[in-house]
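Source file run34.csv; content: CSV, C-alpha atoms.
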chain,number,residue,atom,x,y,z
A,1,MET,CA,24.6,-79.8,-161.9
A,2,ASN,CA,21.4,-80.9,-160.2
A,3,SER,CA,18.1,-79.5,-161.3
A,4,SER,CA,14.9,-79.6,-159.2
A,5,SER,CA,11.3,-78.8,-160.0
A,6,SER,CA,8.2,-78.3,-157.9
A,7,SER,CA,4.6,-79.1,-158.7
A,8,SER,CA,1.2,-78.1,-157.6
A,9,SER,CA,-1.7,-80.4,-157.3
A,10,SER,CA,-5.5,-80.2,-157.2
A,11,ALA,CA,-8.1,-82.8,-156.2
A,12,THR,CA,-11.7,-83.2,-157.2
A,13,ARG,CA,-14.3,-85.7,-156.1
A,14,SER,CA,-17.4,-87.0,-157.7
A,15,SER,CA,-19.9,-89.6,-156.7
A,16,GLU,CA,-21.6,-92.2,-159.0
A,17,THR,CA,-24.1,-95.0,-158.6
A,18,TRP,CA,-23.4,-98.2,-160.5
A,19,VAL,CA,-26.2,-100.8,-161.0
A,20,ILE,CA,-26.1,-104.4,-162.2
A,21,THR,CA,-29.5,-106.1,-162.8
A,22,GLY,CA,-30.4,-109.5,-164.2
A,23,PRO,CA,-32.9,-112.4,-164.2
A,24,LEU,CA,-33.2,-115.3,-161.8
A,25,TRP,CA,-35.0,-118.6,-162.0
A,26,LEU,CA,-35.5,-119.7,-158.3
A,27,PRO,CA,-37.2,-122.8,-157.0
A,28,THR,CA,-39.9,-123.2,-154.5
A,29,THR,CA,-39.8,-125.6,-151.6
A,30,THR,CA,-42.0,-128.7,-151.1
A,31,THR,CA,-42.0,-130.5,-147.7
A,32,ALA,CA,-43.0,-134.1,-147.7
A,33,THR,CA,-43.4,-136.5,-144.7
A,34,THR,CA,-41.8,-139.9,-145.1
A,35,SER,CA,-43.6,-141.5,-142.2
A,36,ALA,CA,-47.1,-141.5,-140.7
A,37,ILE,CA,-45.6,-141.0,-137.3
A,38,THR,CA,-44.6,-137.4,-136.6
A,39,THR,CA,-41.5,-136.8,-134.5
A,40,THR,CA,-39.8,-133.5,-133.9
A,41,ASN,CA,-36.2,-132.7,-133.3
A,42,SER,CA,-34.7,-130.0,-131.1
A,43,SER,CA,-35.6,-127.2,-133.6
A,44,GLY,CA,-39.2,-128.2,-133.5
A,45,ARG,CA,-39.2,-129.6,-137.1
A,46,ASP,CA,-40.6,-133.0,-138.2
A,47,SER,CA,-37.5,-135.2,-138.3
A,48,ASN,CA,-39.3,-137.5,-140.9
A,49,SER,CA,-39.9,-134.7,-143.4
A,50,THR,CA,-37.8,-133.9,-146.4
A,51,THR,CA,-37.5,-130.7,-148.3
A,52,THR,CA,-37.3,-130.7,-152.1
A,53,PHE,CA,-36.9,-127.9,-154.5
A,54,ARG,CA,-38.9,-127.5,-157.6
A,55,TYR,CA,-38.5,-125.1,-160.5
A,56,SER,CA,-41.6,-123.7,-162.2
A,57,TYR,CA,-41.7,-120.8,-164.6
A,58,VAL,CA,-43.7,-119.6,-167.5
A,59,GLY,CA,-42.6,-120.0,-171.1
A,60,ILE,CA,-43.7,-117.6,-173.8
A,61,GLY,CA,-43.5,-117.9,-177.6
A,62,LYS,CA,-44.1,-120.8,-179.9
A,63,PRO,CA,-42.2,-124.1,-179.6
A,64,PRO,CA,-39.4,-124.8,-180.1
A,65,SER,CA,-38.5,-121.1,-179.7
A,66,LEU,CA,-39.7,-120.6,-176.1
A,67,VAL,CA,-38.4,-118.0,-173.8
A,68,ALA,CA,-38.3,-118.8,-170.1
A,69,VAL,CA,-39.7,-116.0,-168.0
A,70,PRO,CA,-37.6,-115.3,-164.9
A,71,THR,CA,-39.3,-115.9,-161.5
A,72,HIS,CA,-37.2,-113.1,-159.9
A,73,PHE,CA,-34.7,-110.5,-160.8
A,74,TYR,CA,-31.8,-109.0,-158.9
A,75,LYS,CA,-30.1,-105.6,-158.5
A,76,VAL,CA,-26.7,-104.9,-157.1
A,77,LEU,CA,-26.0,-101.3,-156.4
A,78,VAL,CA,-22.8,-99.5,-155.4
A,79,VAL,CA,-22.1,-95.9,-154.7
A,80,VAL,CA,-18.5,-95.0,-155.5
A,81,GLU,CA,-16.5,-91.8,-155.0
A,82,GLN,CA,-14.0,-91.0,-157.7
A,83,GLN,CA,-11.1,-88.9,-156.5
A,84,HIS,CA,-9.1,-87.2,-159.2
A,85,HIS,CA,-5.7,-85.8,-158.5
A,86,ASP,CA,-4.1,-83.5,-161.1
A,87,THR,CA,-0.4,-82.6,-160.7
A,88,THR,CA,1.1,-79.8,-162.8
A,89,PRO,CA,4.8,-79.1,-162.8
A,90,ASN,CA,5.8,-75.5,-161.8
A,91,ASP,CA,9.1,-75.5,-163.8
A,92,GLY,CA,7.9,-73.5,-166.8
A,93,GLN,CA,6.9,-76.6,-168.7
A,94,SER,CA,3.8,-76.7,-170.9
A,95,SER,CA,0.5,-78.1,-169.9
A,96,SER,CA,1.5,-81.3,-171.6
A,97,GLY,CA,3.5,-82.2,-168.5
A,98,GLN,CA,0.3,-82.4,-166.4
A,99,GLN,CA,-0.3,-85.7,-164.8
A,100,SER,CA,-3.7,-87.0,-163.6
A,101,ASN,CA,-4.4,-89.8,-161.2
A,102,SER,CA,-7.8,-91.2,-160.4
A,103,GLU,CA,-8.9,-93.4,-157.5
A,104,ILE,CA,-12.3,-95.1,-157.0
A,105,VAL,CA,-13.5,-95.7,-153.5
A,106,LEU,CA,-16.5,-97.9,-152.6
A,107,LYS,CA,-18.7,-96.1,-150.2
A,108,LYS,CA,-22.1,-97.8,-150.1
A,109,PHE,CA,-23.7,-101.0,-151.5
A,110,ALA,CA,-26.9,-103.1,-151.5
A,111,ALA,CA,-28.1,-106.3,-153.2
A,112,PHE,CA,-31.8,-107.0,-153.8
A,113,VAL,CA,-33.8,-109.9,-155.1
A,114,LEU,CA,-37.5,-109.2,-156.0
A,115,PRO,CA,-40.2,-111.4,-157.5
A,116,ASN,CA,-41.0,-110.9,-161.1
A,117,SER,CA,-44.7,-110.3,-160.5
A,118,ASN,CA,-47.2,-107.4,-161.0
A,119,TYR,CA,-49.5,-108.7,-158.2
A,120,ASP,CA,-52.6,-108.1,-160.4
A,121,GLY,CA,-55.8,-108.0,-158.3
A,122,GLU,CA,-53.8,-108.2,-155.0
A,123,ASN,CA,-53.7,-105.6,-152.2
A,124,HIS,CA,-50.0,-106.0,-151.6
A,125,SER,CA,-47.7,-104.0,-149.3
A,126,PHE,CA,-43.9,-104.3,-149.0
A,127,ARG,CA,-40.7,-102.7,-147.8
A,128,LEU,CA,-37.6,-102.6,-150.0
A,129,VAL,CA,-35.5,-103.7,-147.1
A,130,ASP,CA,-37.3,-107.0,-146.9
A,131,PHE,CA,-35.7,-108.0,-150.3
A,132,THR,CA,-32.1,-107.4,-149.3
A,133,VAL,CA,-29.8,-110.4,-149.8
A,134,ARG,CA,-26.2,-111.2,-149.0
A,135,LEU,CA,-23.8,-110.5,-151.8
A,136,THR,CA,-22.1,-113.9,-151.6
A,137,ASP,CA,-25.4,-115.7,-151.6
A,138,LEU,CA,-26.5,-113.9,-154.7
A,139,GLU,CA,-23.1,-114.8,-156.3
A,140,ALA,CA,-23.6,-118.4,-155.4
A,141,VAL,CA,-27.0,-118.5,-157.1
A,142,THR,CA,-26.0,-116.6,-160.2
A,143,GLY,CA,-22.5,-118.0,-160.6
A,144,LEU,CA,-21.3,-114.4,-161.1
A,145,GLU,CA,-19.0,-112.1,-159.2
A,146,PHE,CA,-20.2,-108.5,-158.8
A,147,PHE,CA,-17.7,-105.6,-158.9
A,148,PRO,CA,-14.7,-107.8,-158.1
A,149,ALA,CA,-12.4,-104.8,-158.4
A,150,LEU,CA,-14.3,-103.2,-155.5
A,151,PHE,CA,-15.2,-106.2,-153.3
A,152,GLY,CA,-12.3,-108.6,-154.2
A,153,ALA,CA,-12.4,-111.8,-156.3
A,154,HIS,CA,-12.7,-115.4,-155.2
A,155,ALA,CA,-9.8,-116.4,-157.4
A,156,GLU,CA,-7.4,-113.9,-155.8
A,157,GLU,CA,-8.4,-115.0,-152.4
A,158,ASN,CA,-8.0,-118.7,-153.2
A,159,ALA,CA,-4.5,-118.0,-154.7
A,160,ASN,CA,-3.5,-116.6,-151.3
A,161,ALA,CA,-5.0,-119.3,-149.2
A,162,ASN,CA,-1.7,-121.2,-148.8
A,163,ASN,CA,-3.1,-124.0,-151.1
A,164,ASN,CA,-5.3,-125.3,-148.3
A,165,GLY,CA,-8.2,-125.8,-150.7
A,166,THR,CA,-10.5,-123.5,-148.8
A,167,ASN,CA,-13.0,-121.4,-150.7
A,168,GLU,CA,-12.4,-118.2,-148.8
A,169,ILE,CA,-14.0,-114.9,-149.7
A,170,SER,CA,-12.5,-111.5,-149.5
A,171,LEU,CA,-12.6,-109.6,-146.2
A,172,ARG,CA,-14.6,-106.8,-147.9
A,173,LYS,CA,-17.3,-109.3,-149.0
A,174,GLU,CA,-17.4,-110.7,-145.4
A,175,VAL,CA,-17.9,-107.2,-144.1
A,176,ALA,CA,-20.6,-106.5,-146.8
A,177,ASP,CA,-22.4,-109.7,-145.7
A,178,ALA,CA,-22.2,-108.7,-142.1
A,179,LEU,CA,-23.6,-105.3,-142.8
A,180,THR,CA,-26.5,-106.9,-144.8
A,181,ASP,CA,-27.3,-109.3,-141.9
A,182,ASP,CA,-27.2,-106.4,-139.5
A,183,VAL,CA,-29.7,-104.4,-141.6
A,184,ARG,CA,-32.0,-107.4,-142.0
A,185,ILE,CA,-32.1,-108.2,-138.3
A,186,HIS,CA,-32.9,-104.5,-137.6
A,187,ALA,CA,-35.6,-104.7,-140.3
A,188,ALA,CA,-37.1,-107.8,-138.8
A,189,THR,CA,-37.3,-106.2,-135.4
A,190,LYS,CA,-38.9,-103.1,-136.8
A,191,ASN,CA,-41.2,-105.2,-138.9
A,192,ASN,CA,-42.5,-107.0,-135.9
A,193,SER,CA,-43.2,-103.8,-133.9
A,194,ARG,CA,-45.0,-102.0,-136.7
A,195,ARG,CA,-47.0,-105.1,-137.6
A,196,ARG,CA,-48.6,-105.0,-134.2
A,197,VAL,CA,-49.4,-101.3,-134.6
A,198,GLU,CA,-50.5,-101.2,-138.2
A,199,GLY,CA,-51.4,-104.7,-139.0
A,200,ALA,CA,-49.4,-104.4,-142.2
A,201,ASP,CA,-49.2,-107.1,-144.8
A,202,TYR,CA,-45.5,-107.2,-145.3
A,203,ALA,CA,-44.0,-109.1,-148.2
A,204,LYS,CA,-41.9,-112.1,-147.5
A,205,ASN,CA,-38.8,-112.6,-149.5
A,206,ASP,CA,-39.6,-116.0,-151.0
A,207,ALA,CA,-36.4,-115.9,-153.0
A,208,LEU,CA,-34.2,-118.8,-151.9
A,209,VAL,CA,-31.1,-116.7,-152.1
A,210,VAL,CA,-31.3,-116.1,-148.4
A,211,PRO,CA,-33.6,-117.7,-145.8
A,212,SER,CA,-36.3,-115.5,-144.5
A,213,ILE,CA,-35.7,-113.8,-141.2
A,214,SER,CA,-38.4,-114.4,-138.6
A,215,ASN,CA,-40.2,-111.5,-137.0
A,216,ASN,CA,-38.0,-111.7,-133.9
A,217,GLY,CA,-34.8,-111.8,-135.9
A,218,GLU,CA,-33.8,-115.3,-134.7
A,219,LEU,CA,-32.7,-116.6,-138.1
A,220,LEU,CA,-29.0,-116.1,-137.4
A,221,SER,CA,-27.3,-118.3,-134.9
A,222,LYS,CA,-25.7,-116.7,-131.9
A,223,GLY,CA,-22.3,-117.6,-133.3
A,224,ARG,CA,-23.1,-115.8,-136.6
A,225,GLN,CA,-24.4,-112.7,-134.6
A,226,ARG,CA,-21.1,-112.6,-132.7
A,227,LYS,CA,-19.2,-112.9,-136.0
A,228,ILE,CA,-21.1,-110.0,-137.4
A,229,LYS,CA,-20.3,-107.8,-134.4
A,230,GLN,CA,-16.7,-108.8,-134.5
A,231,LEU,CA,-16.3,-108.1,-138.2
A,232,LEU,CA,-17.9,-104.7,-138.0
A,233,ARG,CA,-15.9,-103.8,-134.9
A,234,GLU,CA,-12.5,-104.8,-136.2
A,235,ASN,CA,-12.9,-103.4,-139.7
A,236,ASN,CA,-14.8,-100.2,-138.9
A,237,ASN,CA,-11.7,-98.0,-139.3
A,238,HIS,CA,-10.0,-99.3,-142.5
A,239,ILE,CA,-13.1,-100.5,-144.4
A,240,ALA,CA,-15.4,-97.5,-144.6
A,241,LEU,CA,-18.3,-99.3,-146.1
A,242,GLU,CA,-22.1,-98.7,-145.5
A,243,HIS,CA,-25.2,-100.5,-146.5
A,244,LEU,CA,-27.6,-98.4,-148.6
A,245,CYS,CA,-30.5,-99.2,-146.2
A,246,LYS,CA,-28.6,-98.3,-143.1
A,247,LYS,CA,-30.5,-95.3,-141.6
A,248,ASN,CA,-32.4,-94.9,-144.9
A,249,GLU,CA,-36.1,-94.5,-144.1
A,250,MET,CA,-37.0,-95.1,-147.8
A,251,CYS,CA,-35.9,-98.7,-147.4
A,252,PHE,CA,-38.2,-99.1,-144.4
A,253,LYS,CA,-41.2,-97.2,-145.8
A,254,LEU,CA,-44.3,-99.3,-146.4
A,255,LEU,CA,-45.2,-99.2,-150.1
A,256,ASN,CA,-48.6,-100.3,-151.5
A,257,ILE,CA,-48.9,-101.7,-155.0
Now, as a test, write the supplied structure out as structure tokens.
Amino acid sequence: MNSSSSSSSSATRSSETWVITGPLWLPTTTTATTSAITTTNSSGRDSNSTTTFRYSYVGIGKPPSLVAVPTHFYKVLVVVEQQHHDTTPNDGQSSSGQQSNSEIVLKKFAAFVLPNSNYDGENHSFRLVDFTVRLTDLEAVTGLEFFPALFGAHAEENANANNNGTNEISLRKEVADALTDDVRIHAATKNNSRRRVEGADYAKNDALVVPSISNNGELLSKGRQRKIKQLLRENNNHIALEHLCKKNEMCFKLLNI
């Protein structure tokens, strides 16, 4: 004798914002010329100059128990949607037969690196979007992986790389980096037009996590810009991910401190 049962299900959704923040000790750059004769290469730079990196930060306390004060700090934010599915059997069983499934979906993200400074005595203006950085660059600097369950982990990708020794990153991280670059190029263009109108003193992201984008957005090579468009076009349907600063005027608003 076969028995059958039916069930009814209900679904609820809720959104949450998760934030990871931490310290960074980033170097500054020093450019030295190795020859008295200045020659320039195709990029307009002195081919005899060398760039070195130097760490300099404040220590507080009494020796030997000094605390190194971070030069910068980072924040990684994600907005997730939790989808809860409850299934209750309709066969006269008690409520103990109820089953619940939950799914977490990544909807929005952003990563920022800001200087650890209070700008005392300075008339300083900045936009939050000017401090956005690529997720993979921040991971390279910190040695950490942020939200690997959401973005994918390097170890998982390398295990599936057919043992070719490549340090591949997950497709979701590639898309996240492309979205970040797209936002920063848009910010650089908007920065340039508003500078002419307002004469604003925009803050430069001196964090060495990501090179600064010039006012005309020419930091990225044409090949990288084509890669960005390709990634966003090909993955628009199955990776529904958005940068927090995309169409967010609060990221582009000029703030005074």
The distance between CA of Gln82 (chain A) and CA of Ser102 (chain A) is 6.8 Å
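The nearest approach to Phe151 (chain A) among the residues A:Leu106, A:Leu179, A:Tyr57, A:His243, with only C-alpha atoms taken into account, belongs to A:Leu106.
CA of Val175 (chain A) sits 6.6 Å away from CA of Leu232 (chain A).
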So which residues touch Thr29 (chain A) within 8 Å, counting all atoms listed in the file, skipping near sequence neighbours fewer than 3 positions away, as a ChimeraX atom specification?
/A:51-54
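The residue that comes closest to Arg13 (chain A), out of A:Ala188, A:Val133, A:Val80, A:Val183 and on the basis of only C-alpha atoms, is A:Val80.
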Judged by all atoms listed in the file, the minimum distance to Gly143 (chain A) among A:Leu24, A:Tyr55, A:Leu255, A:Ser14 is found for A:Leu24
Using all atoms listed in the file, list the residues that have an atom at most 8 Å from (-33.9, -105.5, -153.1), coordinates as in the file, as a VMD selection string.
chain A and resid 74 to 75 110 to 114 128 to 133
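Pairwise distance (CA of Thr17 (chain A), CA of Phe109 (chain A)) equals 9.3 Å.
Ranking A:His72, A:Lys108, A:Lys62, A:Lys253 by their shortest atom-to-atom distance to Thr180 (chain A), with all atoms listed in the file included, puts A:Lys108 first.
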